[in-house]
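Novice: Below is the file final-v7.pdb, which contains PDB, C-alpha atoms.
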```pdb
ATOM      1  CA  MET A   1      58.813 148.147 195.788
ATOM      2  CA  SER A   2      61.703 146.018 194.565
ATOM      3  CA  SER A   3      61.537 143.604 191.645
ATOM      4  CA  GLN A   4      62.044 140.715 194.082
ATOM      5  CA  ASN A   5      58.872 141.692 195.897
ATOM      6  CA  ASP A   6      57.067 142.070 192.577
ATOM      7  CA  SER A   7      58.098 138.531 191.656
ATOM      8  CA  ASP A   8      56.692 137.302 194.939
ATOM      9  CA  LEU A   9      53.372 139.004 194.267
ATOM     10  CA  VAL A  10      53.086 137.953 190.619
ATOM     11  CA  PRO A  11      54.697 134.573 189.980
ATOM     12  CA  TYR A  12      55.889 133.206 186.626
ATOM     13  CA  LYS A  13      57.104 136.564 185.292
ATOM     14  CA  VAL A  14      60.421 134.951 184.380
ATOM     15  CA  GLU A  15      60.172 131.232 184.996
ATOM     16  CA  PRO A  16      57.587 129.166 183.066
ATOM     17  CA  ARG A  17      54.423 127.866 184.703
ATOM     18  CA  GLU A  18      54.236 124.129 185.297
ATOM     19  CA  ASP A  19      50.864 123.718 183.552
ATOM     20  CA  THR A  20      51.360 125.818 180.406
ATOM     21  CA  GLY A  21      55.162 125.645 180.166
ATOM     22  CA  LEU A  22      55.197 129.375 179.393
ATOM     23  CA  TYR A  23      55.862 132.467 181.462
ATOM     24  CA  ASN A  24      52.945 134.882 181.909
ATOM     25  CA  ALA A  25      53.840 137.392 179.200
ATOM     26  CA  LYS A  26      54.431 134.766 176.528
ATOM     27  CA  PHE A  27      51.154 133.000 177.276
ATOM     28  CA  GLY A  28      49.444 136.392 177.299
ATOM     29  CA  ILE A  29      50.871 137.475 173.960
ATOM     30  CA  TRP A  30      49.793 134.219 172.287
ATOM     31  CA  LEU A  31      46.251 134.716 173.595
ATOM     32  CA  PHE A  32      46.392 138.309 172.334
ATOM     33  CA  LEU A  33      47.672 137.154 168.927
ATOM     34  CA  ALA A  34      44.828 134.631 168.791
ATOM     35  CA  SER A  35      42.376 137.513 169.249
ATOM     36  CA  GLU A  36      44.235 139.456 166.557
ATOM     37  CA  ILE A  37      43.888 136.497 164.183
ATOM     38  CA  MET A  38      40.138 136.669 164.812
ATOM     39  CA  LEU A  39      40.099 140.435 164.181
ATOM     40  CA  PHE A  40      41.969 140.304 160.884
ATOM     41  CA  GLY A  41      40.318 136.979 160.047
ATOM     42  CA  SER A  42      36.863 138.537 160.296
ATOM     43  CA  LEU A  43      37.940 141.320 157.921
ATOM     44  CA  PHE A  44      39.470 138.851 155.466
ATOM     45  CA  SER A  45      36.187 136.898 155.681
ATOM     46  CA  ALA A  46      34.289 140.090 154.861
ATOM     47  CA  TYR A  47      36.584 140.626 151.857
ATOM     48  CA  ILE A  48      36.121 137.061 150.566
ATOM     49  CA  LEU A  49      32.352 137.055 151.059
ATOM     50  CA  LEU A  50      31.861 140.477 149.473
ATOM     51  CA  ARG A  51      34.049 139.472 146.541
ATOM     52  CA  VAL A  52      32.401 136.104 145.847
ATOM     53  CA  GLY A  53      28.986 137.643 146.428
ATOM     54  CA  SER A  54      29.435 140.496 143.959
ATOM     55  CA  PHE A  55      28.584 140.322 140.260
ATOM     56  CA  SER A  56      31.669 142.264 139.209
ATOM     57  CA  TRP A  57      34.960 143.027 140.894
ATOM     58  CA  PRO A  58      37.720 145.434 139.789
ATOM     59  CA  VAL A  59      41.185 144.284 138.700
ATOM     60  CA  GLN A  60      42.845 145.126 142.008
ATOM     61  CA  SER A  61      46.396 145.492 140.714
ATOM     62  CA  GLU A  62      45.199 148.306 138.423
ATOM     63  CA  TYR A  63      44.084 150.291 141.472
ATOM     64  CA  LEU A  64      47.104 149.609 143.658
ATOM     65  CA  ASN A  65      50.826 150.230 143.375
ATOM     66  CA  VAL A  66      52.262 146.687 143.272
ATOM     67  CA  PRO A  67      55.979 147.714 143.268
ATOM     68  CA  ILE A  68      55.495 149.797 146.433
ATOM     69  CA  GLY A  69      53.565 146.919 148.031
ATOM     70  CA  ALA A  70      56.378 144.488 147.170
ATOM     71  CA  LEU A  71      58.986 146.913 148.498
ATOM     72  CA  ASN A  72      57.013 147.249 151.735
ATOM     73  CA  SER A  73      57.024 143.446 152.052
ATOM     74  CA  VAL A  74      60.834 143.406 151.861
ATOM     75  CA  ILE A  75      61.036 146.315 154.352
ATOM     76  CA  LEU A  76      58.853 144.537 156.928
ATOM     77  CA  LEU A  77      60.643 141.210 156.462
ATOM     78  CA  SER A  78      63.978 142.976 156.957
ATOM     79  CA  SER A  79      62.714 144.630 160.127
ATOM     80  CA  SER A  80      61.715 141.177 161.402
ATOM     81  CA  ILE A  81      65.213 139.785 160.932
ATOM     82  CA  PHE A  82      66.671 142.918 162.573
ATOM     83  CA  PHE A  83      64.431 142.247 165.567
ATOM     84  CA  ILE A  84      65.795 138.711 165.896
ATOM     85  CA  ILE A  85      69.382 140.047 165.762
ATOM     86  CA  ALA A  86      68.535 142.707 168.381
ATOM     87  CA  TRP A  87      66.984 140.143 170.724
ATOM     88  CA  ALA A  88      69.951 137.797 170.310
ATOM     89  CA  ALA A  89      72.339 140.680 171.059
ATOM     90  CA  LEU A  90      70.383 141.453 174.215
ATOM     91  CA  LYS A  91      70.721 137.843 175.354
ATOM     92  CA  GLU A  92      74.468 138.107 174.779
ATOM     93  CA  ASN A  93      74.551 141.306 176.925
ATOM     94  CA  ASN A  94      75.594 143.350 173.893
ATOM     95  CA  VAL A  95      73.448 146.398 174.642
ATOM     96  CA  ALA A  96      75.018 148.628 171.966
ATOM     97  CA  LYS A  97      74.216 146.107 169.220
ATOM     98  CA  TYR A  98      70.735 145.576 170.666
ATOM     99  CA  LYS A  99      70.000 149.302 170.542
ATOM    100  CA  LYS A 100      71.440 149.678 167.054
ATOM    101  CA  PHE A 101      69.235 146.944 165.621
ATOM    102  CA  MET A 102      66.153 148.037 167.559
ATOM    103  CA  TRP A 103      66.500 151.499 166.024
ATOM    104  CA  LEU A 104      66.915 149.842 162.625
ATOM    105  CA  VAL A 105      63.621 148.003 163.240
ATOM    106  CA  ILE A 106      61.964 151.304 164.147
ATOM    107  CA  SER A 107      63.479 153.083 161.121
ATOM    108  CA  PHE A 108      62.272 150.396 158.737
ATOM    109  CA  ALA A 109      58.813 150.495 160.291
ATOM    110  CA  ILE A 110      58.681 154.267 159.752
ATOM    111  CA  LEU A 111      59.896 153.734 156.180
ATOM    112  CA  PHE A 112      57.046 151.267 155.672
ATOM    113  CA  LEU A 113      54.552 153.872 156.891
ATOM    114  CA  CYS A 114      56.083 156.504 154.595
ATOM    115  CA  PHE A 115      55.570 154.284 151.547
ATOM    116  CA  LYS A 116      52.038 153.513 152.739
ATOM    117  CA  GLY A 117      51.486 157.254 153.014
ATOM    118  CA  VAL A 118      52.718 157.722 149.440
ATOM    119  CA  GLU A 119      50.223 155.097 148.278
ATOM    120  CA  TYR A 120      47.370 156.744 150.159
ATOM    121  CA  TYR A 121      48.392 160.129 148.730
ATOM    122  CA  GLN A 122      48.296 158.686 145.189
ATOM    123  CA  HIS A 123      44.784 157.357 145.829
ATOM    124  CA  PHE A 124      43.507 160.632 147.220
ATOM    125  CA  THR A 125      44.953 162.633 144.322
ATOM    126  CA  HIS A 126      43.039 160.299 141.970
ATOM    127  CA  HIS A 127      39.881 160.889 144.056
ATOM    128  CA  GLU A 128      39.876 157.291 145.246
ATOM    129  CA  TYR A 129      38.370 157.169 148.732
ATOM    130  CA  PRO A 130      36.823 154.421 150.872
ATOM    131  CA  LYS A 131      33.391 155.571 149.678
ATOM    132  CA  THR A 132      34.406 155.124 146.006
ATOM    133  CA  SER A 133      33.940 151.356 145.868
ATOM    134  CA  VAL A 134      33.559 148.280 148.066
ATOM    135  CA  PHE A 135      37.067 147.153 147.155
ATOM    136  CA  LEU A 136      38.630 150.492 148.120
ATOM    137  CA  ALA A 137      36.631 150.525 151.363
ATOM    138  CA  LEU A 138      38.078 147.111 152.241
ATOM    139  CA  TYR A 139      41.561 148.172 151.095
ATOM    140  CA  PHE A 140      41.604 151.295 153.283
ATOM    141  CA  LEU A 141      40.088 149.436 156.239
ATOM    142  CA  LEU A 142      42.518 146.507 156.143
ATOM    143  CA  THR A 143      45.682 148.477 155.372
ATOM    144  CA  GLY A 144      44.663 151.270 157.772
ATOM    145  CA  LEU A 145      44.138 148.806 160.610
ATOM    146  CA  HIS A 146      47.469 147.177 159.780
ATOM    147  CA  ALA A 147      49.180 150.593 159.785
ATOM    148  CA  LEU A 148      47.702 151.253 163.252
ATOM    149  CA  HIS A 149      49.284 147.992 164.409
ATOM    150  CA  ILE A 150      52.609 149.134 162.952
ATOM    151  CA  ILE A 151      52.309 152.455 164.825
ATOM    152  CA  GLY A 152      51.559 150.554 168.057
ATOM    153  CA  GLY A 153      54.580 148.330 167.435
ATOM    154  CA  ILE A 154      56.802 151.363 166.819
ATOM    155  CA  ALA A 155      55.677 152.879 170.138
ATOM    156  CA  VAL A 156      56.498 149.660 172.013
ATOM    157  CA  ASN A 157      59.841 149.255 170.227
ATOM    158  CA  ILE A 158      60.835 152.869 170.975
ATOM    159  CA  TYR A 159      60.008 152.237 174.627
ATOM    160  CA  TYR A 160      62.172 149.105 174.784
ATOM    161  CA  ALA A 161      65.022 150.734 172.844
ATOM    162  CA  GLY A 162      64.975 153.851 175.033
ATOM    163  CA  PRO A 163      63.230 154.615 178.337
ATOM    164  CA  GLY A 164      62.200 151.000 178.967
ATOM    165  CA  MET A 165      65.839 149.950 179.273
ATOM    166  CA  TYR A 166      65.640 150.696 183.020
ATOM    167  CA  LEU A 167      63.802 147.366 183.343
ATOM    168  CA  ARG A 168      67.022 145.604 182.354
ATOM    169  CA  ARG A 169      68.794 147.057 185.386
ATOM    170  CA  GLU A 170      66.025 145.767 187.647
ATOM    171  CA  ASN A 171      65.713 142.281 186.199
ATOM    172  CA  LYS A 172      67.701 141.287 183.123
ATOM    173  CA  GLN A 173      65.754 138.155 182.229
ATOM    174  CA  TRP A 174      62.425 139.875 182.688
ATOM    175  CA  PHE A 175      63.472 142.553 180.202
ATOM    176  CA  ILE A 176      64.726 139.934 177.696
ATOM    177  CA  ASN A 177      61.348 138.183 177.963
ATOM    178  CA  ARG A 178      59.499 141.434 177.349
ATOM    179  CA  VAL A 179      61.543 142.136 174.225
ATOM    180  CA  GLU A 180      60.881 138.575 173.042
ATOM    181  CA  VAL A 181      57.146 139.114 173.468
ATOM    182  CA  ALA A 182      57.351 142.405 171.540
ATOM    183  CA  GLY A 183      59.198 140.490 168.815
ATOM    184  CA  LEU A 184      56.422 137.909 168.559
ATOM    185  CA  TYR A 185      53.946 140.740 168.022
ATOM    186  CA  TRP A 186      56.225 142.297 165.391
ATOM    187  CA  HIS A 187      56.540 139.026 163.447
ATOM    188  CA  PHE A 188      52.761 138.629 163.585
ATOM    189  CA  VAL A 189      52.293 142.075 162.013
ATOM    190  CA  ASP A 190      54.667 140.887 159.277
ATOM    191  CA  VAL A 191      52.579 137.736 158.713
ATOM    192  CA  VAL A 192      49.432 139.851 158.383
ATOM    193  CA  TRP A 193      51.152 142.015 155.750
ATOM    194  CA  ILE A 194      52.102 138.909 153.712
ATOM    195  CA  PHE A 195      48.400 138.033 153.466
ATOM    196  CA  LEU A 196      47.349 141.648 152.850
ATOM    197  CA  PHE A 197      49.857 142.056 150.029
ATOM    198  CA  SER A 198      48.834 138.794 148.362
ATOM    199  CA  THR A 199      45.108 139.325 148.786
ATOM    200  CA  LEU A 200      44.699 143.016 148.032
ATOM    201  CA  TYR A 201      47.497 143.671 145.532
ATOM    202  CA  LEU A 202      47.814 140.462 143.556
ATOM    203  CA  LEU A 203      44.532 138.513 143.514
TER     204      LEU A 203
ATOM    205  CA  MET B 204      63.023 133.109 169.939
ATOM    206  CA  ASP B 205      64.045 130.649 172.638
ATOM    207  CA  LYS B 206      67.801 130.197 172.115
ATOM    208  CA  ASN B 207      70.897 132.298 171.767
ATOM    209  CA  LEU B 208      71.645 133.155 168.201
ATOM    210  CA  ASN B 209      75.000 131.536 167.474
ATOM    211  CA  GLN B 210      76.720 131.672 164.083
ATOM    212  CA  SER B 211      75.091 128.565 162.602
ATOM    213  CA  GLU B 212      71.673 129.648 163.784
ATOM    214  CA  PHE B 213      72.187 133.139 162.372
ATOM    215  CA  LYS B 214      73.125 131.536 159.036
ATOM    216  CA  ARG B 215      69.871 129.569 159.176
ATOM    217  CA  VAL B 216      67.848 132.723 159.987
ATOM    218  CA  LYS B 217      69.452 134.428 156.965
ATOM    219  CA  GLN B 218      68.564 131.456 154.749
ATOM    220  CA  ILE B 219      64.962 131.610 155.962
ATOM    221  CA  TYR B 220      64.866 135.365 155.331
ATOM    222  CA  PHE B 221      66.105 134.982 151.747
ATOM    223  CA  SER B 222      63.742 132.052 151.134
ATOM    224  CA  ILE B 223      60.793 134.250 152.180
ATOM    225  CA  ILE B 224      62.052 137.036 149.889
ATOM    226  CA  ALA B 225      62.344 134.455 147.066
ATOM    227  CA  LEU B 226      58.753 133.363 147.693
ATOM    228  CA  THR B 227      57.646 137.025 147.492
ATOM    229  CA  VAL B 228      59.368 137.285 144.099
ATOM    230  CA  LEU B 229      57.690 134.008 143.072
ATOM    231  CA  ILE B 230      54.270 135.443 144.016
ATOM    232  CA  LEU B 231      54.962 138.511 141.868
ATOM    233  CA  GLY B 232      55.983 136.229 138.981
ATOM    234  CA  ILE B 233      52.777 134.220 139.261
ATOM    235  CA  HIS B 234      50.802 137.467 139.335
ATOM    236  CA  HIS B 235      52.454 138.690 136.112
ATOM    237  CA  LEU B 236      51.684 135.404 134.319
ATOM    238  CA  ARG B 237      47.923 136.148 134.666
ATOM    239  CA  LEU B 238      46.903 132.513 135.157
ATOM    240  CA  GLY B 239      43.334 133.288 136.238
ATOM    241  CA  THR B 240      41.839 130.936 138.825
ATOM    242  CA  LEU B 241      45.000 128.804 138.852
ATOM    243  CA  GLY B 242      47.010 131.956 139.575
ATOM    244  CA  ILE B 243      44.760 132.827 142.520
ATOM    245  CA  ALA B 244      45.184 129.310 143.940
ATOM    246  CA  LEU B 245      48.975 129.443 143.479
ATOM    247  CA  ILE B 246      49.297 132.923 145.029
ATOM    248  CA  VAL B 247      47.245 131.849 148.063
ATOM    249  CA  MET B 248      49.335 128.677 148.444
ATOM    250  CA  VAL B 249      52.656 130.530 148.221
ATOM    251  CA  ALA B 250      51.417 133.229 150.660
ATOM    252  CA  ILE B 251      50.387 130.528 153.149
ATOM    253  CA  SER B 252      53.826 128.884 152.725
ATOM    254  CA  GLU B 253      55.545 132.235 153.373
ATOM    255  CA  ALA B 254      53.485 132.886 156.495
ATOM    256  CA  THR B 255      54.010 129.320 157.751
ATOM    257  CA  ILE B 256      57.798 129.587 157.361
ATOM    258  CA  LEU B 257      57.782 132.935 159.186
ATOM    259  CA  VAL B 258      55.603 131.671 162.038
ATOM    260  CA  TYR B 259      57.495 128.382 162.412
ATOM    261  CA  PHE B 260      61.020 129.793 162.344
ATOM    262  CA  PHE B 261      60.877 133.477 163.338
ATOM    263  CA  MET B 262      58.166 132.958 165.946
ATOM    264  CA  HIS B 263      59.611 129.536 166.839
ATOM    265  CA  LEU B 264      56.214 127.884 166.745
ATOM    266  CA  MET B 265      57.822 124.496 166.088
ATOM    267  CA  THR B 266      59.502 124.580 169.500
ATOM    268  CA  LYS B 267      56.553 126.059 171.361
ATOM    269  CA  LYS B 268      54.589 124.236 174.027
ATOM    270  CA  LYS B 269      51.319 122.415 173.396
ATOM    271  CA  THR B 270      49.428 125.276 175.035
ATOM    272  CA  VAL B 271      50.298 127.628 172.180
ATOM    273  CA  HIS B 272      49.387 125.056 169.553
ATOM    274  CA  LEU B 273      46.054 124.479 171.306
ATOM    275  CA  VAL B 274      45.282 128.225 171.460
ATOM    276  CA  LEU B 275      46.089 128.639 167.768
ATOM    277  CA  LEU B 276      44.226 125.487 166.738
ATOM    278  CA  LEU B 277      41.067 126.643 168.528
ATOM    279  CA  THR B 278      41.399 130.071 166.891
ATOM    280  CA  VAL B 279      41.755 128.574 163.418
ATOM    281  CA  ILE B 280      38.762 126.250 163.946
ATOM    282  CA  VAL B 281      36.544 129.126 165.132
ATOM    283  CA  PHE B 282      37.786 131.356 162.297
ATOM    284  CA  LEU B 283      37.175 128.757 159.575
ATOM    285  CA  THR B 284      33.722 128.010 160.993
ATOM    286  CA  LEU B 285      32.804 131.694 160.945
ATOM    287  CA  LEU B 286      34.255 132.043 157.430
ATOM    288  CA  PHE B 287      32.522 129.088 155.787
ATOM    289  CA  TRP B 288      29.194 129.338 157.553
ATOM    290  CA  PRO B 289      28.139 132.530 155.703
ATOM    291  CA  ALA B 290      29.954 131.320 152.552
ATOM    292  CA  TRP B 291      27.773 128.216 152.582
ATOM    293  CA  ASP B 292      24.725 130.430 153.166
ATOM    294  CA  ILE B 293      25.629 132.652 150.174
ATOM    295  CA  ALA B 294      26.301 129.649 147.952
ATOM    296  CA  TYR B 295      22.962 127.994 148.653
ATOM    297  CA  SER B 296      20.700 131.020 149.048
ATOM    298  CA  PRO B 297      18.978 132.551 146.013
ATOM    299  CA  ARG B 298      19.883 136.228 145.496
ATOM    300  CA  THR B 299      17.689 137.159 142.524
ATOM    301  CA  PRO B 300      14.500 135.663 141.032
ATOM    302  CA  SER B 301      16.410 134.497 137.947
ATOM    303  CA  GLU B 302      18.882 132.607 140.093
ATOM    304  CA  PHE B 303      16.057 131.115 142.099
ATOM    305  CA  THR B 304      15.151 128.906 139.154
ATOM    306  CA  HIS B 305      18.543 127.219 139.273
ATOM    307  CA  TYR B 306      17.999 125.861 142.764
TER     308      TYR B 306
END
```
Transcribe the structure of this file into structure tokens.
Specialist:
Amino acid sequence: MSSQNDSDLVPYKVEPREDTGLYNAKFGIWLFLASEIMLFGSLFSAYILLRVGSFSWPVQSEYLNVPIGALNSVILLSSSIFFIIAWAALKENNVAKYKKFMWLVISFAILFLCFKGVEYYQHFTHHEYPKTSVFLALYFLLTGLHALHIIGGIAVNIYYAGPGMYLRRENKQWFINRVEVAGLYWHFVDVVWIFLFSTLYLL
Amino acid sequence: MDKNLNQSEFKRVKQIYFSIIALTVLILGIHHLRLGTLGIALIVMVAISEATILVYFFMHLMTKKKTVHLVLLLTVIVFLTLLFWPAWDIAYSPRTPSEFTHY
């Protein structure tokens, strides 16, 4: 079935709806991000309530590797700006530049996971597990869930940098919109890390 | 991400990127000063500023339609309600017999 027929069956894949002013995927991703805010928000709530409700709380920065956390912040922020450059290149029909920066995004995301892995390894070698304390349980839960989101983002980005490029041949604007939506998700993951770094490493 | 990224816009994106990096360094500085409760308040404020800048400029929230603002506003209201409801309960509920006397 051709893309033209698909557009007839499912409207507003490229052009915005009259009522929302957004095309389907963008409206969908904002609804999804709203649910993600609730997911991470509930876990942050658990952290705050457990912390204010406890009689003693460890000095978090003594447990965690602040320099690695700070470095990971810079890595994720850099990957965000690379994503914007990649998307802009795609809009300018510069596919080579788009691919180059998408692979940079993916590389930085993998680098982030490597540093996270180093941190986890340091904890495990010091016999610090989720069962050790409430703080460590929250730390592993929040950062682990965030890492899963990074892995999901990497999978999507690999798809759009590689095999998913066939969509561009079918419908250029549709593909640009899909990459934009993936970018919104990627920036959101970055926002979550900003709060995780501040809350878990520095407070 | 609604417009083509021309030179001036790319310059602006770079400025935003370095401003967020600067705020990250500022957070680390505040952390090393060990300001206690004031430090916690400052770190939270700077983190919120960082996230706001990222959402407004990188996610182009400032140019988004009302629908997106409405979705996010509803989410924030529900989230804050769920956050402060149990917080209020913890604050005004006795946990131990010795604390009970204070209420």
Novice: Using all atoms listed in the file, what does the table of chain A residues within 7 Å of chain B look like, with each row giving the shortest atom pair and its distance in Å to one decimal, sorted by chain and ascending number, as a tab-separated table?
Specialist:
```
residue	atom	partner	partner_atom	distance
A:Thr20	CA	B:Thr270	CA	5.7
A:Gly21	CA	B:Lys268	CA	6.3
A:Trp30	CA	B:Val271	CA	6.6
A:Leu31	CA	B:Val274	CA	6.9
A:Ala34	CA	B:Thr278	CA	6.0
A:Met38	CA	B:Phe282	CA	6.3
A:Gly41	CA	B:Phe282	CA	6.6
A:Ser45	CA	B:Leu286	CA	5.5
A:Leu49	CA	B:Ala290	CA	6.4
A:Val74	CA	B:Ile224	CA	6.8
A:Ala88	CA	B:Leu208	CA	5.4
A:Lys91	CA	B:Asn207	CA	6.6
A:Glu180	CA	B:Met204	CA	6.6
A:Leu184	CA	B:Met262	CA	5.9
A:His187	CA	B:Met262	CA	6.8
A:Val191	CA	B:Ala254	CA	5.4
A:Ile194	CA	B:Ala250	CA	6.5
A:Phe195	CA	B:Ala250	CA	6.3
A:Ser198	CA	B:Ala250	CA	6.6
A:Leu202	CA	B:His234	CA	6.0
A:Leu203	CA	B:Ile243	CA	5.8
```
Novice: Specify as a count of residues only each residue included when the PyMOL selection byres ((chain A and resi 125-133) around 12) is applied to this file.
Specialist: 27
Novice: Skipping near chain neighbours, those fewer than 6 positions away, what residues fall within 10 Å of Ile29 in chain A using only C-alpha atoms, listed as a count of residues only?
Specialist: 5
Novice: For CA of Leu76 in chain A and CA of Lys100 in chain A, quote the distance in Å rounded to one decimal.
Specialist: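 CA of Leu76 in chain A sits 17.0 Å away from CA of Lys100 in chain A.
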Novice: From the options A:Phe197, A:Phe27, A:Trp186, A:Phe115, which residue's atoms come nearest to Ser78 in chain A, counting only C-alpha atoms?
Specialist: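 The closest residue to Ser78 in chain A is A:Trp186.
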Novice: So which residues touch range 150-152 of chain A within 8 Å, counting only C-alpha atoms, skipping near sequence neighbours fewer than 2 positions away, as a list in words?
Specialist: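 The neighbour list is Ala109, Leu113, His146, Ala147, Leu148, Ile154, Ala155, Val156 and Val189 of chain A.
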Novice: May I ask for the distance between CA of Thr199 in chain A and CA of His149 in chain A, given in Å to one decimal place?
Specialist: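 Separating CA of Thr199 in chain A from CA of His149 in chain A is a distance of 18.3 Å.
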Novice: State, in Å with one decimal place, the distance from CA of Leu264 in chain B to CA of Asn157 in chain A.
Specialist: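 CA of Asn157 in chain A lies 22.0 Å from CA of Leu264 in chain B.
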Novice: Starting from the shown file, work through the PyMOL selection byres ((chain A and resi 101) around 8) and note down what comes out as a list of chain:residue names.
Specialist: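 For this structure, the PyMOL selection byres ((chain A and resi 101) around 8) captures A:Phe82, A:Phe83, A:Ile85, A:Ala86, A:Lys97, A:Tyr98, A:Lys99, A:Lys100, A:Met102, A:Trp103, A:Leu104, A:Val105.
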Novice: For Phe40 in chain A, please output as a list in words all residues within 8 Å (counting all atoms listed in the file; exclusion window: fewer than 4 positions along the same chain).
Specialist: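 The residues that qualify are Glu36, Phe44, Leu142 and Val192 of chain A.
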Novice: For range 121-132 of chain A, supply N, CA, C and O atoms and format the output as a PDB file, in the frame of the given file.
Specialist:
```pdb
ATOM      1  N   TYR A 121      48.377 158.823 149.391  1.00  0.00           N
ATOM      2  CA  TYR A 121      48.392 160.129 148.730  1.00  0.00           C
ATOM      3  C   TYR A 121      48.028 159.979 147.248  1.00  0.00           C
ATOM      4  O   TYR A 121      47.224 160.759 146.713  1.00  0.00           O
ATOM      5  N   GLN A 122      48.607 158.932 146.605  1.00  0.00           N
ATOM      6  CA  GLN A 122      48.296 158.686 145.189  1.00  0.00           C
ATOM      7  C   GLN A 122      46.798 158.411 145.001  1.00  0.00           C
ATOM      8  O   GLN A 122      46.182 158.878 144.044  1.00  0.00           O
ATOM      9  N   HIS A 123      46.222 157.651 145.924  1.00  0.00           N
ATOM     10  CA  HIS A 123      44.784 157.357 145.829  1.00  0.00           C
ATOM     11  C   HIS A 123      43.957 158.635 145.969  1.00  0.00           C
ATOM     12  O   HIS A 123      43.032 158.879 145.188  1.00  0.00           O
ATOM     13  N   PHE A 124      44.305 159.429 146.956  1.00  0.00           N
ATOM     14  CA  PHE A 124      43.507 160.632 147.220  1.00  0.00           C
ATOM     15  C   PHE A 124      43.619 161.636 146.064  1.00  0.00           C
ATOM     16  O   PHE A 124      42.640 162.318 145.744  1.00  0.00           O
ATOM     17  N   THR A 125      44.814 161.709 145.455  1.00  0.00           N
ATOM     18  CA  THR A 125      44.953 162.633 144.322  1.00  0.00           C
ATOM     19  C   THR A 125      44.149 162.151 143.106  1.00  0.00           C
ATOM     20  O   THR A 125      43.788 162.950 142.250  1.00  0.00           O
ATOM     21  N   HIS A 126      43.886 160.836 143.049  1.00  0.00           N
ATOM     22  CA  HIS A 126      43.039 160.299 141.970  1.00  0.00           C
ATOM     23  C   HIS A 126      41.563 160.226 142.396  1.00  0.00           C
ATOM     24  O   HIS A 126      40.768 159.551 141.740  1.00  0.00           O
ATOM     25  N   HIS A 127      41.250 160.880 143.503  1.00  0.00           N
ATOM     26  CA  HIS A 127      39.881 160.889 144.056  1.00  0.00           C
ATOM     27  C   HIS A 127      39.383 159.478 144.329  1.00  0.00           C
ATOM     28  O   HIS A 127      38.225 159.152 144.059  1.00  0.00           O
ATOM     29  N   GLU A 128      40.260 158.654 144.850  1.00  0.00           N
ATOM     30  CA  GLU A 128      39.876 157.291 145.246  1.00  0.00           C
ATOM     31  C   GLU A 128      39.817 157.245 146.778  1.00  0.00           C
ATOM     32  O   GLU A 128      40.846 157.311 147.450  1.00  0.00           O
ATOM     33  N   TYR A 129      38.598 157.149 147.289  1.00  0.00           N
ATOM     34  CA  TYR A 129      38.370 157.169 148.732  1.00  0.00           C
ATOM     35  C   TYR A 129      37.655 155.875 149.142  1.00  0.00           C
ATOM     36  O   TYR A 129      37.165 155.139 148.278  1.00  0.00           O
ATOM     37  N   PRO A 130      37.556 155.624 150.440  1.00  0.00           N
ATOM     38  CA  PRO A 130      36.823 154.421 150.872  1.00  0.00           C
ATOM     39  C   PRO A 130      35.382 154.369 150.344  1.00  0.00           C
ATOM     40  O   PRO A 130      34.850 153.290 150.096  1.00  0.00           O
ATOM     41  N   LYS A 131      34.782 155.538 150.155  1.00  0.00           N
ATOM     42  CA  LYS A 131      33.391 155.571 149.678  1.00  0.00           C
ATOM     43  C   LYS A 131      33.286 155.276 148.176  1.00  0.00           C
ATOM     44  O   LYS A 131      32.190 155.062 147.660  1.00  0.00           O
ATOM     45  N   THR A 132      34.432 155.271 147.468  1.00  0.00           N
ATOM     46  CA  THR A 132      34.406 155.124 146.006  1.00  0.00           C
ATOM     47  C   THR A 132      33.888 153.754 145.579  1.00  0.00           C
ATOM     48  O   THR A 132      33.094 153.641 144.649  1.00  0.00           O
TER      49      THR A 132
END
```
